[in-house]
Structures are given as structure tokens and as C-alpha cells.
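Report on one structure; see the data block that follows.
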Amino acid sequence: MPATASHLYPHASSVDDGRLSIGGCDAADLAREFGTPLYAVAEDDLRARAREFRAAMGEGEVIFASKAFPCTAVLRVFEEEGLSVDVASGGELALATSAGFSGDRIILHGNAKSARELEAAVDAGARIVVDNFDDIDKLDALGKPANVLIRVTPGVVADTHAAILTGHAGSKFGFSLAQAPLAIERLTNAPWADLHGLHMHIGSQLFDLEPWRLAVEAIATLGDFPAYDLGGGLAVAYTDRRPPSVTEFVGNMVASANELLGTGKRLSIEPGRALTASAGVTLYTVESVKDVDLPDGNVRFVAVDGGMSDNLRPMLYDAPYQADLVDRVGAAGTPCTVVGKHCESGDVLIRETALHEPKPGDVLVTPVTGAYVYAMANNYNGVPRPPVVFCKDGEARLVVRRETFEDLHGRDV
Ligand SMILES: *Cc1c(COP(=O)(O)O)cnc(C)c1O
């Protein structure tokens, strides 16, 4: 009987005699067939998460923050599941449109939108989240009818890494509580603007509902609006620390919104990470294993064929990960440091994880890499970006191909 892998792996995964499968596909076979590094995604997990959010929101709207995993196949799944989509640039807007989203299900964000990006979004019929007075000036100059929300910085500090905190006083995003009334006045009086309501997003990887409730209290002082977009930010488990369930978290959000903003409002939430993170894993090949003796102990470096080019999160936010070898999951291991192949000492994927006798040629897997990983991939050291494979019922489907060396210099003039 295959055992279900630990809580870090997709629901649609199993471990049989130490061998990991994702969506019914043997992980070692995936690595052989598609090469490494490889992003493997359990499609059923994306759909299950989307349905969980929709059920928890009831009548409300669930908007996928596309920056978490911006590729056509992922957007199509969420389009099919009835979600809306958040975009933060002209490029993400073009992706959402080509993936099949109609304008009424697209929301444009950003603290530095160009006049062209605003016009493209208005022409597509998307909602615009107005972030600053310059947005209002640009939309004024455009003069075309636009559906707008106002982003408010509620002045709360959520308990998360400073780099993913966005709702505190002094944030670069949104209008402060002091500026918001003038923005509301200008957009209420602008003949081209249809002001739906207010928007907030206080940060990411949030475990605790309290700061979020304080934020809703703060925006409730700004008046009574038909629509409120409450942002994203639900945490996921990367290690042993577990967040509240989607049902609990969203249920709580909706209940406090009803209490603090009044019932009958059009509510939206914008999860990114919580929709995609745990559906994805990254597969690597171990290239070298090096033991280094230090005065205070031994360090074993396990070096893989990727690193900061395919997962920047550990370097940007000290994001913690764990790893396994795909054919001996659950075997007792010794502490190892997993490093990448890049010419930077900071190219450390995992400071410490236990691996069972790692050796070159082994396939190593890092779970919970379905959010902000593919999205931040780059070509440092001339490493082509990895492909994305969807795994479902034992079938593996390539949805993004691996970059080629020709792609790397294809823009050189
Ligand atoms: C990034 C972002 C989100 C999604 O955040 P997650 O932590 O991935 O849920 C939602 N709304 C806005 C405005 C964002 O910038």
C-alpha cells in the first residue's frame, strides 16, 4: 500500500517503498524523461485548492494572484475553476488574456503602473486597483470609463518577513488612511470612474488573523462601499509550522468582514501562494557531495544542478525548505547543506536537511515549490530555466518547455 507522503507533498502524491510519486508519476522517471531541474505540479491539487477557496468564500470572489505561478497552464486551470485573476503588469495582463480570462475577471494592481498598462487594462475591461494620485491623473488623462477600487494601507504590522510585509505605515503600496479620503473624493467625482470600493493586502505568508482583522477595522472607518477586496497572504507550511486551514482562515475573514463592514458586501480575496505552493515540487540531480571539516563540526555540501536560478526564495527571504531523495523518502539521514551550482556563496537552497547517503546521480526533491519559484526563475550563469510538467492520474504533460541555449542569446542584436 502506498503511503501518503508527509504534509509537505501534494495530496496527489504517494510514497511506495521509499519511492515518491507525484500525481501518479514516479519522480525518478519524471527526472529521467524531462531532465532536471524540473518543476512538477500535481494538477488535481491546484483544482482542489481552488474549490476549497470557492466553497469557503460562498458568494464571494476568489482571485488568483497570478504572480505566484504565472504560466498559461496554471491560469487555464484556475479560469476553468471559476476564479478571477490578479495581474501586476502589462505582461501579466497579456498572459491572463491569452489564457482565456475575460476582462471582468481581471484585476490590475501595482504601485508604478504606466499610462500604457492602465489603458490596456481599461480597454480589456479589467478592474483597476488605484494605488496613488498619479494613477488617478493618468486615468483622468485617458478619460475612458473604468471600474476602480482604491488600495488602502491600513497601517498594521503583520507577523511575517519584512520583505513580504505590505500593509504597514510607510509601505510603498496604496494610500495611507490619511490620504484615502481625498482619493475617494476624487474618484467619486470623476465622470469616467465607477468606484466599486476599497482594497487592502497586508502581506504574505500570514499565520495569524489578528492583524488582518485590525486592518479591516481600519478601512471600515473610511465609509460604506459596495465592494471590498481583502487581499491575499494566507500562509502555507514549508516546514513543521502549519497555518490554519483555508476553510478556517477564509471563514474567519468573511465573518469579520460581515461584522465590521456590514453584510451584503461584494467580497473578494486574492490568494496566490496558498493556491499553488503545495501543488508543486522541484526535482534536481545531485552533482557532487563534499565533506568539509570545520573546528565546530563537519559540513556535508550536497550540490545540485540548479539553485538560485530556479528558486530565489531562500536567498531573498531566508525561506526554509526540506528535501528528500526521491527513491529513499523516509530513510533516516544525516544533516546536509543543499547548495546550487551558481558562482555565489549565497547560493544555498537549504541550510540543513537530513538526507540518506546522498551521492552524485541521486534525484533530490524540494517540496512546496509551487509559488514564487517558477515566477522568479532567471538565467544566472547561463542556466536555462526549467520546464513545468503537470502530473495527473499517472500521466505527465509538459506545459512549459525547458529553455534552450539558443533562447539564452536569442535576443542579442
Ligand atoms: C502578492 C499579492 C497577493 C498574493 O499574496 P499571497 O501571499 O501569494 O497570497 C495578493 N494581492 C496583492 C495585491 C499582492 O501583491
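Here's how to read the names in the C-alpha cells: chain A, B, ... by the order shown, residue numbers from 1 in each chain, ligand numbers from 1 in the order shown.
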* range 273-396 of chain A: residues DSSP assigns to strand (DSSP E), reported as a VMD selection string -> chain A and resid 280 to 294 297 to 304 324 to 325 334 to 339 348 to 355 363 to 367 388 to 392 395 to 396
* **alpha helix (DSSP H) call set, DSSP backbone run, range 166-222 of chain A, as a VMD selection string** => chain A and resid 180 to 189 210 to 220
* Asked: Any idea what's packed within 12 Å of Trp192 in chain A, counting only C-alpha atoms, ignoring anything in its chain fewer than 3 positions away? Could you give it as a PyMOL selection string?
  -> chain A and resi 122+136-148+186-189+195
Write a file of the just-selected residues containing N, CA, C and O atoms, as a JSON list (two decimals), in the first residue's frame.
[["chain", "number", "residue", "atom", "x", "y", "z"],
["A", 122, "VAL", "N", -7.87, 49.03, -18.98],
["A", 122, "VAL", "CA", -9.20, 49.64, -19.16],
["A", 122, "VAL", "C", -9.83, 49.11, -20.45],
["A", 122, "VAL", "O", -11.00, 48.72, -20.47],
["A", 136, "ILE", "N", -4.54, 58.20, -10.65],
["A", 136, "ILE", "CA", -5.77, 58.96, -10.91],
["A", 136, "ILE", "C", -5.53, 59.97, -12.02],
["A", 136, "ILE", "O", -6.34, 60.10, -12.95],
["A", 137, "ASP", "N", -4.37, 60.66, -11.99],
["A", 137, "ASP", "CA", -4.06, 61.63, -13.05],
["A", 137, "ASP", "C", -3.99, 60.95, -14.42],
["A", 137, "ASP", "O", -4.49, 61.46, -15.41],
["A", 138, "LYS", "N", -3.36, 59.78, -14.47],
["A", 138, "LYS", "CA", -3.22, 59.08, -15.75],
["A", 138, "LYS", "C", -4.59, 58.62, -16.27],
["A", 138, "LYS", "O", -4.87, 58.71, -17.47],
["A", 139, "LEU", "N", -5.44, 58.12, -15.36],
["A", 139, "LEU", "CA", -6.78, 57.68, -15.79],
["A", 139, "LEU", "C", -7.62, 58.88, -16.20],
["A", 139, "LEU", "O", -8.42, 58.80, -17.13],
["A", 140, "ASP", "N", -7.45, 60.00, -15.51],
["A", 140, "ASP", "CA", -8.12, 61.27, -15.88],
["A", 140, "ASP", "C", -7.76, 61.64, -17.31],
["A", 140, "ASP", "O", -8.63, 61.98, -18.12],
["A", 141, "ALA", "N", -6.45, 61.58, -17.62],
["A", 141, "ALA", "CA", -5.98, 61.95, -18.95],
["A", 141, "ALA", "C", -6.53, 60.99, -20.00],
["A", 141, "ALA", "O", -6.84, 61.39, -21.12],
["A", 142, "LEU", "N", -6.66, 59.72, -19.63],
["A", 142, "LEU", "CA", -7.20, 58.72, -20.55],
["A", 142, "LEU", "C", -8.68, 58.98, -20.81],
["A", 142, "LEU", "O", -9.17, 58.89, -21.94],
["A", 143, "GLY", "N", -9.42, 59.27, -19.72],
["A", 143, "GLY", "CA", -10.82, 59.67, -19.83],
["A", 143, "GLY", "C", -11.79, 58.57, -20.25],
["A", 143, "GLY", "O", -12.94, 58.86, -20.57],
["A", 144, "LYS", "N", -11.34, 57.31, -20.27],
["A", 144, "LYS", "CA", -12.25, 56.22, -20.67],
["A", 144, "LYS", "C", -12.92, 55.64, -19.43],
["A", 144, "LYS", "O", -12.29, 55.57, -18.37],
["A", 145, "PRO", "N", -14.18, 55.16, -19.54],
["A", 145, "PRO", "CA", -14.86, 54.59, -18.38],
["A", 145, "PRO", "C", -14.05, 53.45, -17.76],
["A", 145, "PRO", "O", -13.58, 52.58, -18.49],
["A", 146, "ALA", "N", -13.90, 53.47, -16.44],
["A", 146, "ALA", "CA", -13.08, 52.47, -15.78],
["A", 146, "ALA", "C", -13.70, 52.06, -14.44],
["A", 146, "ALA", "O", -14.23, 52.90, -13.72],
["A", 147, "ASN", "N", -13.61, 50.75, -14.16],
["A", 147, "ASN", "CA", -14.04, 50.23, -12.85],
["A", 147, "ASN", "C", -12.85, 50.27, -11.92],
["A", 147, "ASN", "O", -11.80, 49.72, -12.24],
["A", 148, "VAL", "N", -13.01, 50.92, -10.77],
["A", 148, "VAL", "CA", -11.84, 51.10, -9.91],
["A", 148, "VAL", "C", -12.13, 50.72, -8.46],
["A", 148, "VAL", "O", -13.26, 50.78, -7.97],
["A", 186, "ARG", "N", -11.90, 62.20, -5.05],
["A", 186, "ARG", "CA", -11.58, 62.42, -6.48],
["A", 186, "ARG", "C", -12.24, 61.37, -7.36],
["A", 186, "ARG", "O", -12.75, 61.68, -8.43],
["A", 187, "LEU", "N", -12.22, 60.10, -6.92],
["A", 187, "LEU", "CA", -12.78, 59.04, -7.77],
["A", 187, "LEU", "C", -14.31, 59.04, -7.74],
["A", 187, "LEU", "O", -14.96, 58.63, -8.70],
["A", 188, "THR", "N", -14.90, 59.51, -6.63],
["A", 188, "THR", "CA", -16.36, 59.62, -6.59],
["A", 188, "THR", "C", -16.82, 60.69, -7.58],
["A", 188, "THR", "O", -17.85, 60.55, -8.23],
["A", 189, "ASN", "N", -16.02, 61.75, -7.72],
["A", 189, "ASN", "CA", -16.42, 62.87, -8.60],
["A", 189, "ASN", "C", -15.95, 62.72, -10.04],
["A", 189, "ASN", "O", -16.41, 63.46, -10.90],
["A", 195, "LEU", "N", -16.47, 53.75, -8.99],
["A", 195, "LEU", "CA", -15.75, 53.32, -7.78],
["A", 195, "LEU", "C", -16.52, 52.19, -7.08],
["A", 195, "LEU", "O", -17.59, 52.41, -6.52]]
Interface rows for chain A against ligand 1: nearest pair, Å to one decimal, 8 Å, only C-alpha atoms and all ligand atoms, as a tab-separated table:
residue	atom	partner	partner_atom_place_in_ligand_line	distance
A:Phe64	CA	ligand 1	4 (C)	7.6
A:Ala65	CA	ligand 1	4 (C)	4.9
A:Lys67	CA	ligand 1	1 (C)	6.7
A:Ala68	CA	ligand 1	8 (O)	5.8
A:Asp86	CA	ligand 1	11 (N)	7.2
A:Ala88	CA	ligand 1	15 (O)	7.6
A:His109	CA	ligand 1	13 (C)	6.2
A:Gly110	CA	ligand 1	13 (C)	7.6
A:Met200	CA	ligand 1	13 (C)	7.3
A:His201	CA	ligand 1	13 (C)	5.4
A:Gly203	CA	ligand 1	7 (O)	6.4
A:Ser204	CA	ligand 1	7 (O)	3.6
A:Gln205	CA	ligand 1	7 (O)	5.4
A:Leu206	CA	ligand 1	7 (O)	7.6
A:Gly231	CA	ligand 1	11 (N)	4.7
A:Gly232	CA	ligand 1	9 (O)	3.9
A:Gly233	CA	ligand 1	7 (O)	3.3
A:Leu234	CA	ligand 1	9 (O)	5.3
A:Ala235	CA	ligand 1	7 (O)	6.9
A:Ile269	CA	ligand 1	10 (C)	7.8
A:Glu270	CA	ligand 1	10 (C)	4.7
A:Pro271	CA	ligand 1	9 (O)	3.7
A:Gly272	CA	ligand 1	8 (O)	3.4
A:Arg273	CA	ligand 1	8 (O)	3.7
A:Ala274	CA	ligand 1	9 (O)	5.9
A:Leu275	CA	ligand 1	9 (O)	7.8
A:Ala371	CA	ligand 1	8 (O)	7.3
A:Tyr372	CA	ligand 1	8 (O)	7.9
Sort by chain and increasing residue number a table of all residues of range 204-291 of chain A within 10 Å of range 382-400 of chain A, each with its closest pair of atoms and their distance in Å to one decimal, counting only C-alpha atoms, and write it as JSON lines.
{"residue": "A:Ala279", "atom": "CA", "partner": "A:Phe390", "partner_atom": "CA", "distance": 9.9}
{"residue": "A:Gly280", "atom": "CA", "partner": "A:Phe390", "partner_atom": "CA", "distance": 9.1}
{"residue": "A:Thr282", "atom": "CA", "partner": "A:Pro386", "partner_atom": "CA", "distance": 9.4}
{"residue": "A:Leu283", "atom": "CA", "partner": "A:Pro386", "partner_atom": "CA", "distance": 9.9}
* Structure fact -> What separates CA of Glu357 in chain A and CA of Ala28 in chain A is a distance of 16.9 Å
* Could you give me, as a ChimeraX atom specification, the residues within 7 Å of Ser288 in chain A, counting only C-alpha atoms and dropping anything in the same chain fewer than 5 positions from it? => /A:302-303,359-360
Keeping only all heavy atoms, take the residues you just selected and write them out as a PDB file, in the first residue's frame.
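Done, and the output landed in out-v1.pdb:
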ATOM      1  N   VAL A 302      25.753  19.140  -0.349  1.00  0.00           N
ATOM      2  CA  VAL A 302      25.168  18.354  -1.435  1.00  0.00           C
ATOM      3  C   VAL A 302      24.831  19.364  -2.528  1.00  0.00           C
ATOM      4  O   VAL A 302      23.946  20.213  -2.350  1.00  0.00           O
ATOM      5  CB  VAL A 302      23.918  17.596  -0.949  1.00  0.00           C
ATOM      6  CG1 VAL A 302      23.232  16.879  -2.097  1.00  0.00           C
ATOM      7  CG2 VAL A 302      24.309  16.615   0.156  1.00  0.00           C
ATOM      8  N   ALA A 303      25.561  19.314  -3.650  1.00  0.00           N
ATOM      9  CA  ALA A 303      25.392  20.328  -4.697  1.00  0.00           C
ATOM     10  C   ALA A 303      24.534  19.764  -5.832  1.00  0.00           C
ATOM     11  O   ALA A 303      24.798  18.674  -6.337  1.00  0.00           O
ATOM     12  CB  ALA A 303      26.759  20.758  -5.228  1.00  0.00           C
ATOM     13  N   LYS A 359      24.522  10.815  -3.030  1.00  0.00           N
ATOM     14  CA  LYS A 359      25.679  10.639  -3.923  1.00  0.00           C
ATOM     15  C   LYS A 359      25.327  11.195  -5.301  1.00  0.00           C
ATOM     16  O   LYS A 359      24.140  11.328  -5.642  1.00  0.00           O
ATOM     17  CB  LYS A 359      26.073   9.168  -4.002  1.00  0.00           C
ATOM     18  CG  LYS A 359      24.961   8.265  -4.460  1.00  0.00           C
ATOM     19  CD  LYS A 359      25.395   6.813  -4.473  1.00  0.00           C
ATOM     20  CE  LYS A 359      24.301   5.931  -5.067  1.00  0.00           C
ATOM     21  NZ  LYS A 359      22.962   6.164  -4.515  1.00  0.00           N
ATOM     22  N   PRO A 360      26.351  11.507  -6.115  1.00  0.00           N
ATOM     23  CA  PRO A 360      26.083  12.052  -7.445  1.00  0.00           C
ATOM     24  C   PRO A 360      25.166  11.126  -8.241  1.00  0.00           C
ATOM     25  O   PRO A 360      25.314   9.905  -8.182  1.00  0.00           O
ATOM     26  CB  PRO A 360      27.478  12.133  -8.076  1.00  0.00           C
ATOM     27  CG  PRO A 360      28.398  12.285  -6.910  1.00  0.00           C
ATOM     28  CD  PRO A 360      27.790  11.459  -5.807  1.00  0.00           C
TER      29      PRO A 360
END
* Residues within 10 Å of Gly125 in chain A, only C-alpha atoms, excluding chain neighbours under 5 positions, as a ChimeraX atom specification -> /A:102-107,119-120,145-147
